[in-house]
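Dropping input_22.txt in here (compact mmCIF, C-alpha atoms):
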```
# COMPACT_ATOMS: atom_id res chain seq x y z
CA MET A 1 139.25 139.02 50.55
CA ILE A 2 136.66 137.39 48.27
CA PHE A 3 136.55 140.25 45.75
CA ASN A 4 139.31 141.97 43.79
CA GLU A 5 139.34 145.72 43.15
CA ASN A 6 137.05 145.24 40.14
CA GLY A 7 134.41 143.44 42.18
CA GLU A 8 135.21 140.04 40.69
CA ILE A 9 135.10 136.99 42.94
CA ILE A 10 138.51 135.48 43.72
CA ILE A 11 137.71 131.78 43.54
CA LYS A 12 140.87 130.72 45.37
CA ASN A 13 140.03 132.85 48.41
CA LEU A 14 136.39 131.84 48.30
CA ASP A 15 137.42 128.19 48.21
CA GLU A 16 139.58 128.63 51.31
CA LEU A 17 136.77 130.29 53.26
CA LEU A 18 134.27 127.58 52.38
CA LYS A 19 136.76 124.85 53.21
CA THR A 20 137.37 126.43 56.63
CA TYR A 21 133.63 126.57 57.35
CA TYR A 22 133.08 122.97 56.28
CA MET A 23 136.08 121.56 58.16
CA SER A 24 135.16 123.50 61.31
CA THR A 25 131.42 122.77 61.39
CA GLY A 26 130.92 119.57 59.40
CA VAL A 27 128.12 121.32 57.50
CA SER A 28 128.17 121.27 53.71
CA ILE A 29 128.47 124.69 52.10
CA LEU A 30 127.94 126.07 48.62
CA ALA A 31 128.74 129.38 46.95
CA ILE A 32 126.65 130.65 44.05
CA ASP A 33 126.98 133.61 41.70
CA LYS A 34 124.33 136.26 41.07
CA ASN A 35 122.55 133.95 38.62
CA GLY A 36 122.42 131.02 41.04
CA ASN A 37 125.19 129.03 39.34
CA ASN A 38 127.46 126.96 41.59
CA LEU A 39 130.95 128.36 42.16
CA VAL A 40 132.52 126.32 44.99
CA SER A 41 131.15 123.64 47.29
CA TYR A 42 132.31 121.39 50.13
CA GLY A 43 130.57 118.31 51.50
CA ASP A 44 128.54 115.42 50.06
CA SER A 45 125.13 116.49 51.36
CA TYR A 46 123.97 117.93 48.02
CA LYS A 47 124.70 114.57 46.36
CA PHE A 48 121.99 113.07 48.58
CA CYS A 49 119.45 115.66 47.45
CA SER A 50 120.35 115.28 43.77
CA LEU A 51 120.22 111.47 43.79
CA TYR A 52 117.08 111.30 45.95
CA ASN A 53 115.13 113.65 43.69
CA LYS A 54 116.23 111.62 40.68
CA CYS A 55 115.11 108.35 42.32
CA ILE A 56 111.61 109.57 43.12
CA GLY A 57 111.17 111.61 39.95
CA ARG A 58 111.01 114.99 41.68
CA THR A 59 112.22 118.19 40.02
CA CYS A 60 113.42 120.70 42.57
CA ASP A 61 114.51 124.19 41.52
CA CYS A 62 117.20 124.61 44.17
CA LYS A 63 118.94 127.24 42.06
CA GLU A 64 116.01 129.65 42.24
CA ALA A 65 115.33 128.82 45.89
CA HIS A 66 118.93 129.59 46.88
CA LEU A 67 118.88 132.91 45.02
CA THR A 68 115.63 133.93 46.69
CA SER A 69 116.93 132.96 50.14
CA CYS A 70 120.13 135.01 49.72
CA LYS A 71 118.10 138.05 48.72
CA MET A 72 115.78 137.53 51.68
CA ALA A 73 118.87 137.63 53.91
CA ILE A 74 119.60 141.08 52.51
CA ASN A 75 116.08 142.27 53.31
CA ILE A 76 116.17 141.15 56.94
CA GLY A 77 119.84 141.97 57.57
CA GLU A 78 120.69 138.55 59.02
CA PRO A 79 121.02 134.87 58.00
CA TYR A 80 117.93 133.45 56.32
CA PHE A 81 116.77 129.98 57.39
CA SER A 82 114.55 127.93 55.09
CA TYR A 83 113.14 124.41 54.80
CA CYS A 84 113.37 122.53 51.50
CA PRO A 85 110.75 120.00 50.24
CA LEU A 86 112.72 117.18 51.90
CA ASP A 87 112.39 118.94 55.27
CA PHE A 88 116.09 119.87 55.47
CA VAL A 89 117.19 123.29 56.72
CA HIS A 90 119.36 125.60 54.61
CA ILE A 91 121.05 128.79 55.81
CA SER A 92 121.71 131.63 53.35
CA ALA A 93 123.86 134.76 53.42
CA PRO A 94 124.48 137.28 50.60
CA LEU A 95 127.73 138.21 48.89
CA ILE A 96 127.70 141.93 48.17
CA TYR A 97 130.31 144.26 46.70
CA LYS A 98 129.70 148.01 46.85
CA ASP A 99 125.93 147.54 47.19
CA PHE A 100 125.77 145.08 44.26
CA PHE A 101 124.44 141.56 44.84
CA LEU A 102 126.97 139.12 43.37
CA GLY A 103 125.84 135.82 44.83
CA GLY A 104 125.58 134.06 48.15
CA LEU A 105 126.67 131.35 50.54
CA ILE A 106 124.34 128.47 51.42
CA ALA A 107 125.07 126.11 54.31
CA GLY A 108 123.21 122.83 54.44
CA PRO A 109 121.27 120.72 54.11
CA ILE A 110 120.93 120.33 57.87
CA ILE A 111 118.69 118.03 59.88
CA MET A 112 117.31 120.10 62.75
CA ASN A 113 115.81 117.96 65.48
CA THR A 114 113.70 119.41 68.27
CA GLU A 115 111.91 117.80 71.19
CA GLU A 116 108.60 118.14 69.36
CA ASN A 117 109.80 117.18 65.88
CA LYS A 118 112.28 114.40 65.07
CA PHE A 119 113.48 113.89 61.51
CA ASP A 120 112.11 110.65 60.02
CA LYS A 121 114.93 109.15 57.95
CA ASP A 122 113.21 105.80 57.45
CA TYR A 123 110.10 107.40 56.00
CA LEU A 124 112.20 109.46 53.60
CA LEU A 125 114.17 106.47 52.33
CA SER A 126 111.11 104.20 52.12
CA LYS A 127 110.13 105.92 48.88
CA VAL A 128 113.26 104.64 47.10
CA ASN A 129 112.85 101.28 45.33
CA SER A 130 116.37 100.73 43.98
CA SER A 131 118.58 98.85 46.48
CA GLN A 132 121.75 100.18 44.83
CA ALA A 133 120.54 103.76 45.03
CA LEU A 134 119.38 103.16 48.61
CA LEU A 135 122.91 102.13 49.63
CA ARG A 136 124.44 105.24 48.07
CA LEU A 137 121.75 107.44 49.63
CA SER A 138 122.41 105.94 53.05
CA ASN A 139 126.11 106.79 52.71
CA TYR A 140 125.37 110.33 51.57
CA PHE A 141 122.81 110.73 54.38
CA GLU A 142 125.54 110.19 56.96
CA SER A 143 127.24 113.37 55.75
CA ILE A 144 124.22 115.54 56.62
CA ALA A 145 124.78 117.42 59.87
CA ILE A 146 122.24 116.93 62.66
CA THR A 147 121.77 119.98 64.90
CA ASP A 148 119.42 121.58 67.39
CA PRO A 149 117.88 125.07 66.99
CA ILE A 150 120.54 126.78 69.14
CA ARG A 151 123.48 125.34 67.20
CA THR A 152 121.71 126.08 63.92
CA ASN A 153 121.49 129.76 64.90
CA TYR A 154 125.22 129.83 65.62
CA LEU A 155 125.95 128.14 62.28
CA GLY A 156 123.96 130.93 60.65
CA SER A 157 125.84 133.60 62.58
CA ILE A 158 129.21 132.21 61.47
CA LEU A 159 128.06 132.02 57.84
CA PHE A 160 126.85 135.61 57.96
CA MET A 161 130.13 136.74 59.53
CA ILE A 162 132.03 135.19 56.62
CA ALA A 163 129.85 137.03 54.13
CA SER A 164 129.78 140.24 56.15
CA LYS A 165 133.56 140.40 56.33
CA GLU A 166 133.42 141.40 52.69
CA ILE A 167 130.63 143.95 53.12
CA GLU A 168 131.60 145.94 56.19
CA ASN A 169 130.29 149.18 54.69
CA TYR A 170 127.06 147.47 53.69
CA GLN A 171 126.61 145.99 57.17
CA VAL A 172 125.22 149.29 58.43
CA LEU A 173 122.47 149.09 55.83
CA LEU A 174 121.75 145.44 56.67
CA ASN A 175 121.42 146.31 60.36
CA GLU A 176 119.10 149.16 59.46
CA LYS A 177 116.92 146.81 57.40
CA LYS A 178 116.67 144.47 60.38
CA LYS A 179 115.69 147.31 62.73
CA ARG A 180 113.09 148.53 60.22
CA MET A 181 111.55 145.07 60.02
CA ILE A 182 111.36 144.71 63.80
CA GLN A 183 109.83 148.16 64.19
CA GLN A 184 107.19 147.52 61.52
CA CYS A 185 106.25 144.22 63.16
CA LYS A 186 105.76 145.98 66.51
CA ILE A 187 103.71 148.79 64.97
CA ASN A 188 101.52 146.35 63.00
CA GLU A 189 100.94 144.26 66.13
CA GLN A 190 99.78 147.35 68.01
CA ILE A 191 97.52 148.42 65.16
CA GLN A 192 95.76 145.04 65.28
CA ILE A 193 95.35 145.37 69.04
CA TYR A 194 94.02 148.94 68.84
CA LYS A 195 91.49 148.01 66.13
CA ASP A 196 89.52 146.08 68.73
CA MET A 197 89.69 148.80 71.38
CA ALA A 198 87.61 151.92 71.93
CA LEU A 199 90.27 154.63 71.99
CA SER A 200 89.97 158.36 72.53
CA ASN A 201 92.19 161.41 72.12
CA ASN A 202 92.98 161.14 75.82
CA ASP A 203 94.72 157.80 75.21
CA LEU A 204 97.05 159.39 72.68
CA HIS A 205 97.58 162.39 74.95
CA GLU A 206 98.57 160.13 77.86
CA LYS A 207 101.04 158.25 75.69
CA GLU A 208 102.57 161.52 74.51
CA LYS A 209 102.96 162.62 78.15
CA ASN A 210 104.68 159.33 78.95
CA LEU A 211 106.93 159.70 75.93
CA PHE A 212 107.86 163.22 77.03
CA ALA A 213 108.84 161.92 80.47
CA LYS A 214 110.92 159.04 79.10
CA VAL A 215 112.83 161.27 76.67
CA ARG A 216 113.43 163.92 79.33
CA SER A 217 114.94 161.29 81.64
CA GLY A 218 117.01 159.69 78.88
CA ASN A 219 115.15 156.34 79.08
CA ILE A 220 115.68 155.32 75.46
CA VAL A 221 114.37 151.76 75.82
CA GLU A 222 110.89 152.65 77.06
CA ALA A 223 110.76 155.73 74.84
CA ARG A 224 111.09 153.52 71.74
CA VAL A 225 108.22 151.29 72.88
CA ILE A 226 105.92 154.26 73.49
CA LEU A 227 106.87 155.86 70.17
CA ASN A 228 105.82 152.73 68.26
CA ASP A 229 102.53 152.72 70.18
CA ILE A 230 101.91 156.36 69.24
CA LEU A 231 102.77 155.74 65.58
CA ALA A 232 100.35 152.79 65.53
CA LEU A 233 97.58 155.04 66.85
CA ILE A 234 98.37 157.77 64.31
CA PHE A 235 98.51 155.33 61.38
CA LEU A 236 95.22 153.76 62.43
CA GLU A 237 93.55 157.14 62.83
CA GLU A 238 94.86 158.70 59.61
CA GLY A 239 94.52 155.59 57.43
CA GLY A 240 97.77 155.92 55.49
CA LYS A 241 97.44 159.59 54.50
CA ILE A 242 101.16 160.21 54.17
CA GLU A 243 101.12 164.03 54.17
CA VAL A 244 98.88 164.17 57.25
CA ILE A 245 101.11 161.62 59.00
CA LYS A 246 104.17 163.73 58.16
CA ALA A 247 102.48 166.72 59.79
CA ARG A 248 101.67 164.66 62.89
CA SER A 249 105.29 163.47 62.94
CA MET A 250 106.55 167.05 62.99
CA GLU A 251 104.29 167.70 65.98
CA LEU A 252 105.92 164.73 67.70
CA CYS A 253 109.36 166.11 66.88
CA SER A 254 108.42 169.37 68.57
CA LEU A 255 107.35 167.41 71.66
CA LEU A 256 110.59 165.43 71.68
CA SER A 257 112.65 168.57 71.28
CA ARG A 258 111.04 170.21 74.32
CA ALA A 259 111.57 167.06 76.36
CA ALA A 260 115.25 166.88 75.43
CA ILE A 261 115.80 170.54 76.31
CA GLU A 262 114.05 170.12 79.66
CA GLY A 263 116.23 167.09 80.29
CA GLY A 264 119.38 169.15 79.88
CA ALA A 265 120.18 168.97 76.15
CA PRO A 266 121.99 172.07 74.81
CA LEU A 267 119.37 174.48 73.44
CA LYS A 268 121.63 175.61 70.58
CA ASP A 269 122.22 172.03 69.37
CA MET A 270 118.53 171.15 69.54
CA LEU A 271 117.49 174.23 67.56
CA ALA A 272 120.09 173.46 64.89
CA PHE A 273 118.83 169.87 64.67
CA ASN A 274 115.19 170.99 64.51
CA TYR A 275 116.02 173.24 61.55
CA LEU A 276 117.10 170.20 59.49
CA LEU A 277 114.12 167.99 60.27
CA PHE A 278 111.53 169.47 57.93
CA GLU A 279 113.77 169.09 54.88
CA ASP A 280 114.55 165.46 55.79
CA LEU A 281 110.90 164.61 56.36
CA ASN A 282 109.90 165.92 52.94
CA LYS A 283 112.16 163.32 51.30
CA LEU A 284 110.21 160.40 52.79
CA HIS A 285 107.60 158.61 50.70
CA ASN A 286 105.91 155.90 52.79
CA LEU A 287 104.91 154.95 56.32
CA GLU A 288 107.86 152.63 56.88
CA GLU A 289 110.32 155.41 56.05
CA VAL A 290 108.52 157.85 58.34
CA SER A 291 108.45 155.30 61.18
CA PHE A 292 112.17 154.58 61.03
CA TRP A 293 113.02 158.26 60.60
CA MET A 294 111.03 159.02 63.76
CA LEU A 295 112.93 156.28 65.61
CA LYS A 296 116.27 157.84 64.68
CA VAL A 297 115.03 161.29 65.65
CA LEU A 298 113.85 159.89 68.98
CA ASP A 299 117.25 158.30 69.63
CA TYR A 300 119.02 161.59 68.96
CA TYR A 301 116.82 163.59 71.31
CA THR A 302 116.88 160.97 74.06
CA GLU A 303 120.65 160.50 73.97
CA ASN A 304 121.07 164.24 74.34
CA ALA A 305 118.52 164.56 77.13
CA VAL A 306 120.56 163.08 79.97
CA ASN A 307 120.18 165.73 82.66
CA LEU A 308 123.79 166.42 83.54
CA SER A 309 123.78 170.18 83.14
CA SER A 310 124.62 170.70 86.80
CA THR A 311 127.66 168.41 86.79
CA LYS A 312 131.24 169.38 86.09
CA ASN A 313 131.82 166.34 83.88
CA THR A 314 128.78 166.46 81.61
CA ASP A 315 130.49 165.30 78.41
CA ILE A 316 132.33 162.38 80.03
CA VAL A 317 129.32 160.99 81.88
CA LYS A 318 126.96 161.51 78.95
CA LYS A 319 129.41 159.75 76.63
CA SER A 320 129.63 156.82 79.04
CA ILE A 321 125.83 156.56 79.34
CA ILE A 322 125.36 156.55 75.57
CA TYR A 323 128.00 153.81 75.33
CA ILE A 324 126.24 151.73 78.02
CA ASN A 325 122.84 152.15 76.33
CA LYS A 326 124.31 150.86 73.06
CA HIS A 327 126.32 147.94 74.48
CA PHE A 328 124.43 146.69 77.56
CA ARG A 329 123.40 143.48 75.75
CA ASN A 330 127.05 142.45 75.66
CA PRO A 331 129.14 141.45 78.70
CA ILE A 332 130.02 145.10 79.28
CA LYS A 333 132.60 145.89 81.97
CA LEU A 334 133.60 149.06 83.77
CA ASN A 335 137.05 148.88 82.14
CA ASP A 336 135.42 148.93 78.69
CA VAL A 337 133.57 152.15 79.38
CA ALA A 338 136.53 153.73 81.18
CA THR A 339 138.67 153.05 78.11
CA HIS A 340 135.96 154.52 75.88
CA VAL A 341 136.03 157.82 77.82
CA HIS A 342 139.84 157.70 78.26
CA LEU A 343 139.88 157.52 82.06
CA ASN A 344 141.51 155.34 84.66
CA PRO A 345 138.92 152.67 85.71
CA THR A 346 139.14 153.52 89.41
CA TYR A 347 138.73 157.24 88.79
CA PHE A 348 135.90 156.64 86.32
CA SER A 349 134.05 154.44 88.83
CA THR A 350 134.24 157.14 91.49
CA LEU A 351 133.26 159.88 89.05
CA PHE A 352 130.29 157.94 87.67
CA LYS A 353 128.83 157.21 91.10
CA LYS A 354 129.30 160.81 92.24
CA GLU A 355 127.59 162.28 89.18
CA MET A 356 124.84 159.67 88.66
CA GLY A 357 124.10 158.82 92.29
CA THR A 358 124.46 155.11 91.56
CA SER A 359 127.31 152.73 90.85
CA PHE A 360 128.29 151.69 87.34
CA CYS A 361 127.14 148.12 88.02
CA GLU A 362 123.73 149.20 89.33
CA TYR A 363 123.17 151.53 86.38
CA VAL A 364 123.87 148.74 83.87
CA GLN A 365 121.53 146.43 85.77
CA LYS A 366 118.76 149.04 85.68
CA VAL A 367 119.15 149.51 81.93
CA ARG A 368 118.98 145.74 81.40
CA VAL A 369 115.92 145.39 83.60
CA GLU A 370 114.13 148.15 81.67
CA GLU A 371 114.84 146.34 78.41
CA SER A 372 113.70 143.01 79.87
CA LYS A 373 110.40 144.53 80.98
CA TYR A 374 109.67 145.45 77.38
CA LEU A 375 110.67 142.00 76.09
CA LEU A 376 108.60 140.19 78.72
CA VAL A 377 105.46 142.06 77.72
CA SER A 378 105.95 142.37 73.95
CA THR A 379 107.42 138.94 73.07
CA LYS A 380 106.86 135.27 73.87
CA ASP A 381 110.58 134.59 74.33
CA SER A 382 111.50 132.36 77.26
CA ILE A 383 112.84 134.04 80.39
CA LEU A 384 116.18 132.32 79.80
CA ASN A 385 116.46 133.69 76.26
CA ILE A 386 115.54 137.17 77.45
CA ALA A 387 118.11 137.00 80.24
CA ILE A 388 120.87 135.99 77.82
CA SER A 389 119.82 138.51 75.16
CA ILE A 390 120.21 141.47 77.56
CA GLY A 391 123.59 140.44 78.94
CA PHE A 392 122.94 138.19 81.95
CA ASP A 393 124.91 134.97 82.33
CA SER A 394 122.13 132.98 83.99
CA GLN A 395 118.38 132.99 84.44
CA SER A 396 118.59 132.74 88.21
CA TYR A 397 120.79 135.84 88.53
CA PHE A 398 118.56 137.74 86.12
CA CYS A 399 115.48 136.85 88.19
CA LYS A 400 117.23 138.00 91.36
CA VAL A 401 118.20 141.37 89.85
CA PHE A 402 114.78 141.84 88.22
CA LYS A 403 112.96 141.29 91.50
CA LYS A 404 115.33 143.70 93.25
CA TYR A 405 114.18 146.58 91.05
CA THR A 406 110.55 145.64 90.37
CA GLU A 407 109.54 143.62 93.46
CA LEU A 408 108.13 141.02 91.04
CA SER A 409 109.62 137.94 89.42
CA PRO A 410 109.88 138.10 85.60
CA LYS A 411 107.10 135.51 85.33
CA LYS A 412 104.71 137.49 87.55
CA TYR A 413 105.59 140.73 85.75
CA ARG A 414 104.71 139.13 82.41
CA LEU A 415 101.40 137.79 83.76
CA LYS A 416 100.50 141.16 85.27
CA TYR A 417 101.29 143.42 82.30
CA SER A 418 100.85 141.22 79.19
```

Could you render the structure from this file as structure tokens?
Amino acid sequence: MIFNENGEIIIKNLDELLKTYYMSTGVSILAIDKNGNNLVSYGDSYKFCSLYNKCIGRTCDCKEAHLTSCKMAINIGEPYFSYCPLDFVHISAPLIYKDFFLGGLIAGPIIMNTEENKFDKDYLLSKVNSSQALLRLSNYFESIAITDPIRTNYLGSILFMIASKEIENYQVLLNEKKKRMIQQCKINEQIQIYKDMALSNNDLHEKEKNLFAKVRSGNIVEARVILNDILALIFLEEGGKIEVIKARSMELCSLLSRAAIEGGAPLKDMLAFNYLLFEDLNKLHNLEEVSFWMLKVLDYYTENAVNLSSTKNTDIVKKSIIYINKHFRNPIKLNDVATHVHLNPTYFSTLFKKEMGTSFCEYVQKVRVEESKYLLVSTKDSILNIAISIGFDSQSYFCKVFKKYTELSPKKYRLKYS
């Protein structure tokens, strides 16, 4: 633990964590308090920065930059990567105790080389005139880790895990912040696209019909995409009038409720949930809050809309489907889901296929393909990165599965629908 029961940092424990990171990765690491003051550090990399700035007469406010980066990491709910004036990369993660910001961890400096951009050490050192300083700088330079973008991301993940270990309760909020940011980016992108298009009420009506169908069938991945499209259209049409947008949102909730009930959701549960919505909506004050609230409402309706009302094992199968929809990006196995629903794996496999009309493996593949279709159209990520992000071990296997269900390769699908 980094903090004691009073929320004070235990320097001894902090020192051990930083030492472990440095010895494991070879990347210098620094801990700062809430005012940006140094607490503990490992590695000689910062000596290079300090001496170099002194040699060339540069004043660099690293203290303020580190504080800002740690707070940015809070806003996005993940490690924050930044470049300093010397073109080094730093990775930041916050230290939080009971929702209070108490400092942060900064890993770096790091030299990140890519195929397009190689770090120019000689140019950097050519500005130093003192031969004695140049020798010391060369020695310090050797302590700066050289990485590629993939390894840098992993270094950030490890750093954030160290910080997050102390803020498990706050992690939910950080994840929510990240989801909010992603959703707002998607909505803003669609608004920019729709500004240049001649749209009519029929376009919105068609999207609402599609949303109804996706919710009714329990297709949460595509339902989220369509919801963001609809919100973009509403925001563009209403021009930020928050009360009007709230009213339009309640109309959407009514649509979602009917879709969930038609899909097999218990009528009593849906009516009870609907009763609470108006009070919750009144507490929201801006478009971002309304957008994310709608996303959570959508998830609730869609997860309850799996049409299993005619089966004898509704609760078990529904519970397994919700689990799959939440964990399909990981290397999910039948045994994992069977354990989650407290059944023998062999019996669960038979039960799942009987009730769903498809095997466990095929269902997971279909969910992953649906997610990949969205990523192919809405992002510029490489096919390899998309394959890995949705749980496939290789690009070739992903392409094979994708073509099985869509009759198109991922590349052709992207070209056709982007």

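Reported to one decimal place, the separation of atom CA of Ala223 of chain A from atom CA of Met270 of chain A is 18.1 Å.
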
Inset, instruction - Work out how far atom CA of Ile110 of chain A is from atom CA of Phe88 of chain A, in Å to one decimal. - result: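 Separating atom CA of Phe88 of chain A from atom CA of Ile110 of chain A is a distance of 5.4 Å.
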
Legend entry - segment 190-193 of chain A environment, 7 Å, all atoms listed in the file, sequence neighbours closer than 5 positions dropped, as number ranges by chain: A: 229, 232-233, 236

Legend entry - For atom CA of Arg136 of chain A and atom CA of Tyr42 of chain A, the interatomic separation in Å (one decimal): 18.1 Å

Inset, instruction - Could you check which of A:Val341, A:Ile261, A:Cys62, A:Leu102 is closest to Cys84 of chain A, using only C-alpha atoms? - result: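 Checking each of A:Val341, A:Ile261, A:Cys62, A:Leu102 against Cys84 of chain A, counting only C-alpha atoms, the winner is A:Cys62.
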
Legend entry - Among listed residues A:Glu142, A:Glu8, A:Glu222, A:Glu64, nearest Phe48 of chain A (using all atoms listed in the file): A:Glu142

Inset, instruction - Compare A:Tyr21, A:Tyr363, A:Tyr374, A:Trp293 by their minimum atom-to-atom distance to Ile226 of chain A, counting all atoms listed in the file, and give me the closest one. - result: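 The closest residue to Ile226 of chain A is A:Tyr374.
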
Inset, instruction - Within 10 Å of segment 201-207 of chain A, counting only C-alpha atoms, which residues show up once you throw out same-chain ones fewer than 4 positions away? Write them as a PyMOL selection string, please. - result: chain A and resi 211-213+226-227+229-231+233-234

Name the residues, using the chain letters and numbers of the file, that sit within 12 Å of (121.0, 127.8, 65.0) when counting only C-alpha atoms, and give them as a PDB file with C-alpha atoms, in the coordinates of the input.
```pdb
ATOM      1  CA  PRO A  79     121.020 134.870  58.000  1.00  0.00           C
ATOM      2  CA  TYR A  80     117.930 133.450  56.320  1.00  0.00           C
ATOM      3  CA  PHE A  81     116.770 129.980  57.390  1.00  0.00           C
ATOM      4  CA  SER A  82     114.550 127.930  55.090  1.00  0.00           C
ATOM      5  CA  VAL A  89     117.190 123.290  56.720  1.00  0.00           C
ATOM      6  CA  HIS A  90     119.360 125.600  54.610  1.00  0.00           C
ATOM      7  CA  ILE A  91     121.050 128.790  55.810  1.00  0.00           C
ATOM      8  CA  ALA A 107     125.070 126.110  54.310  1.00  0.00           C
ATOM      9  CA  GLY A 108     123.210 122.830  54.440  1.00  0.00           C
ATOM     10  CA  ILE A 110     120.930 120.330  57.870  1.00  0.00           C
ATOM     11  CA  ILE A 111     118.690 118.030  59.880  1.00  0.00           C
ATOM     12  CA  MET A 112     117.310 120.100  62.750  1.00  0.00           C
ATOM     13  CA  ASN A 113     115.810 117.960  65.480  1.00  0.00           C
ATOM     14  CA  THR A 114     113.700 119.410  68.270  1.00  0.00           C
ATOM     15  CA  ILE A 146     122.240 116.930  62.660  1.00  0.00           C
ATOM     16  CA  THR A 147     121.770 119.980  64.900  1.00  0.00           C
ATOM     17  CA  ASP A 148     119.420 121.580  67.390  1.00  0.00           C
ATOM     18  CA  PRO A 149     117.880 125.070  66.990  1.00  0.00           C
ATOM     19  CA  ILE A 150     120.540 126.780  69.140  1.00  0.00           C
ATOM     20  CA  ARG A 151     123.480 125.340  67.200  1.00  0.00           C
ATOM     21  CA  THR A 152     121.710 126.080  63.920  1.00  0.00           C
ATOM     22  CA  ASN A 153     121.490 129.760  64.900  1.00  0.00           C
ATOM     23  CA  TYR A 154     125.220 129.830  65.620  1.00  0.00           C
ATOM     24  CA  LEU A 155     125.950 128.140  62.280  1.00  0.00           C
ATOM     25  CA  GLY A 156     123.960 130.930  60.650  1.00  0.00           C
ATOM     26  CA  SER A 157     125.840 133.600  62.580  1.00  0.00           C
ATOM     27  CA  ILE A 158     129.210 132.210  61.470  1.00  0.00           C
ATOM     28  CA  LEU A 159     128.060 132.020  57.840  1.00  0.00           C
TER      29      LEU A 159
END
```

Legend entry - Within 12 Å of Leu284 of chain A using all atoms listed in the file, minus same-chain residues under 6 positions, as an MDAnalysis selection string: chainID A and resid 242:243 245:246 249 277:278 290:294

Write the residues of the preceding selection, restricted to C-alpha atoms, as a PDB file, in the frame of the given file.
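Heads up, here's the output in out11.pdb:
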```
ATOM      1  CA  ILE A 242     101.160 160.210  54.170  1.00  0.00           C
ATOM      2  CA  GLU A 243     101.120 164.030  54.170  1.00  0.00           C
ATOM      3  CA  ILE A 245     101.110 161.620  59.000  1.00  0.00           C
ATOM      4  CA  LYS A 246     104.170 163.730  58.160  1.00  0.00           C
ATOM      5  CA  SER A 249     105.290 163.470  62.940  1.00  0.00           C
ATOM      6  CA  LEU A 277     114.120 167.990  60.270  1.00  0.00           C
ATOM      7  CA  PHE A 278     111.530 169.470  57.930  1.00  0.00           C
ATOM      8  CA  VAL A 290     108.520 157.850  58.340  1.00  0.00           C
ATOM      9  CA  SER A 291     108.450 155.300  61.180  1.00  0.00           C
ATOM     10  CA  PHE A 292     112.170 154.580  61.030  1.00  0.00           C
ATOM     11  CA  TRP A 293     113.020 158.260  60.600  1.00  0.00           C
ATOM     12  CA  MET A 294     111.030 159.020  63.760  1.00  0.00           C
TER      13      MET A 294
END
```

Legend entry - Pick from A:Ile2, A:Ser349, A:Val377, A:Gly263, whichever lies nearest to Asp15 of chain A using only C-alpha atoms: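 Looking only at the distances to Asp15 of chain A, the closest residue turns out to be A:Ile2.
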
Write out as a PDB file with C-alpha atoms, keeping the file's coordinate frame each polymer residue whose atoms come within 12 Å of Asn129 of chain A, counting only C-alpha atoms; drop sequence neighbours fewer than 2 positions from it.
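Done, and the output landed in out.pdb:
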```
ATOM      1  CA  TYR A  52     117.080 111.300  45.950  1.00  0.00           C
ATOM      2  CA  LYS A  54     116.230 111.620  40.680  1.00  0.00           C
ATOM      3  CA  CYS A  55     115.110 108.350  42.320  1.00  0.00           C
ATOM      4  CA  ILE A  56     111.610 109.570  43.120  1.00  0.00           C
ATOM      5  CA  GLY A  57     111.170 111.610  39.950  1.00  0.00           C
ATOM      6  CA  LEU A 124     112.200 109.460  53.600  1.00  0.00           C
ATOM      7  CA  LEU A 125     114.170 106.470  52.330  1.00  0.00           C
ATOM      8  CA  SER A 126     111.110 104.200  52.120  1.00  0.00           C
ATOM      9  CA  LYS A 127     110.130 105.920  48.880  1.00  0.00           C
ATOM     10  CA  SER A 131     118.580  98.850  46.480  1.00  0.00           C
ATOM     11  CA  GLN A 132     121.750 100.180  44.830  1.00  0.00           C
ATOM     12  CA  ALA A 133     120.540 103.760  45.030  1.00  0.00           C
ATOM     13  CA  LEU A 134     119.380 103.160  48.610  1.00  0.00           C
ATOM     14  CA  LEU A 135     122.910 102.130  49.630  1.00  0.00           C
ATOM     15  CA  LEU A 137     121.750 107.440  49.630  1.00  0.00           C
TER      16      LEU A 137
END
```

Legend entry - Leu17 of chain A surroundings by only C-alpha atoms, 12 Å radius, close-in-sequence under 6 positions cut, as a PyMOL selection string: chain A and resi 1-2+10-11+23-24+29-31+40-42+105+158-159+161-163+165-166

Inset, instruction - Would you mind telling me which residue in A:Lys366, A:His340, A:Arg248, A:Lys71 lies nearest to Ile106 of chain A when using only C-alpha atoms? - result: A:Lys71

Adding 5 Å on each side of the box along x, y and z that holds all listed atoms of segment 411-418 of chain A, could you give its centre and edge lengths in Å to one decimal, as AutoDock Vina command-line options?
```
--center_x 103.8 --center_y 139.5 --center_z 83.4 --size_x 16.6 --size_y 17.9 --size_z 18.4
```
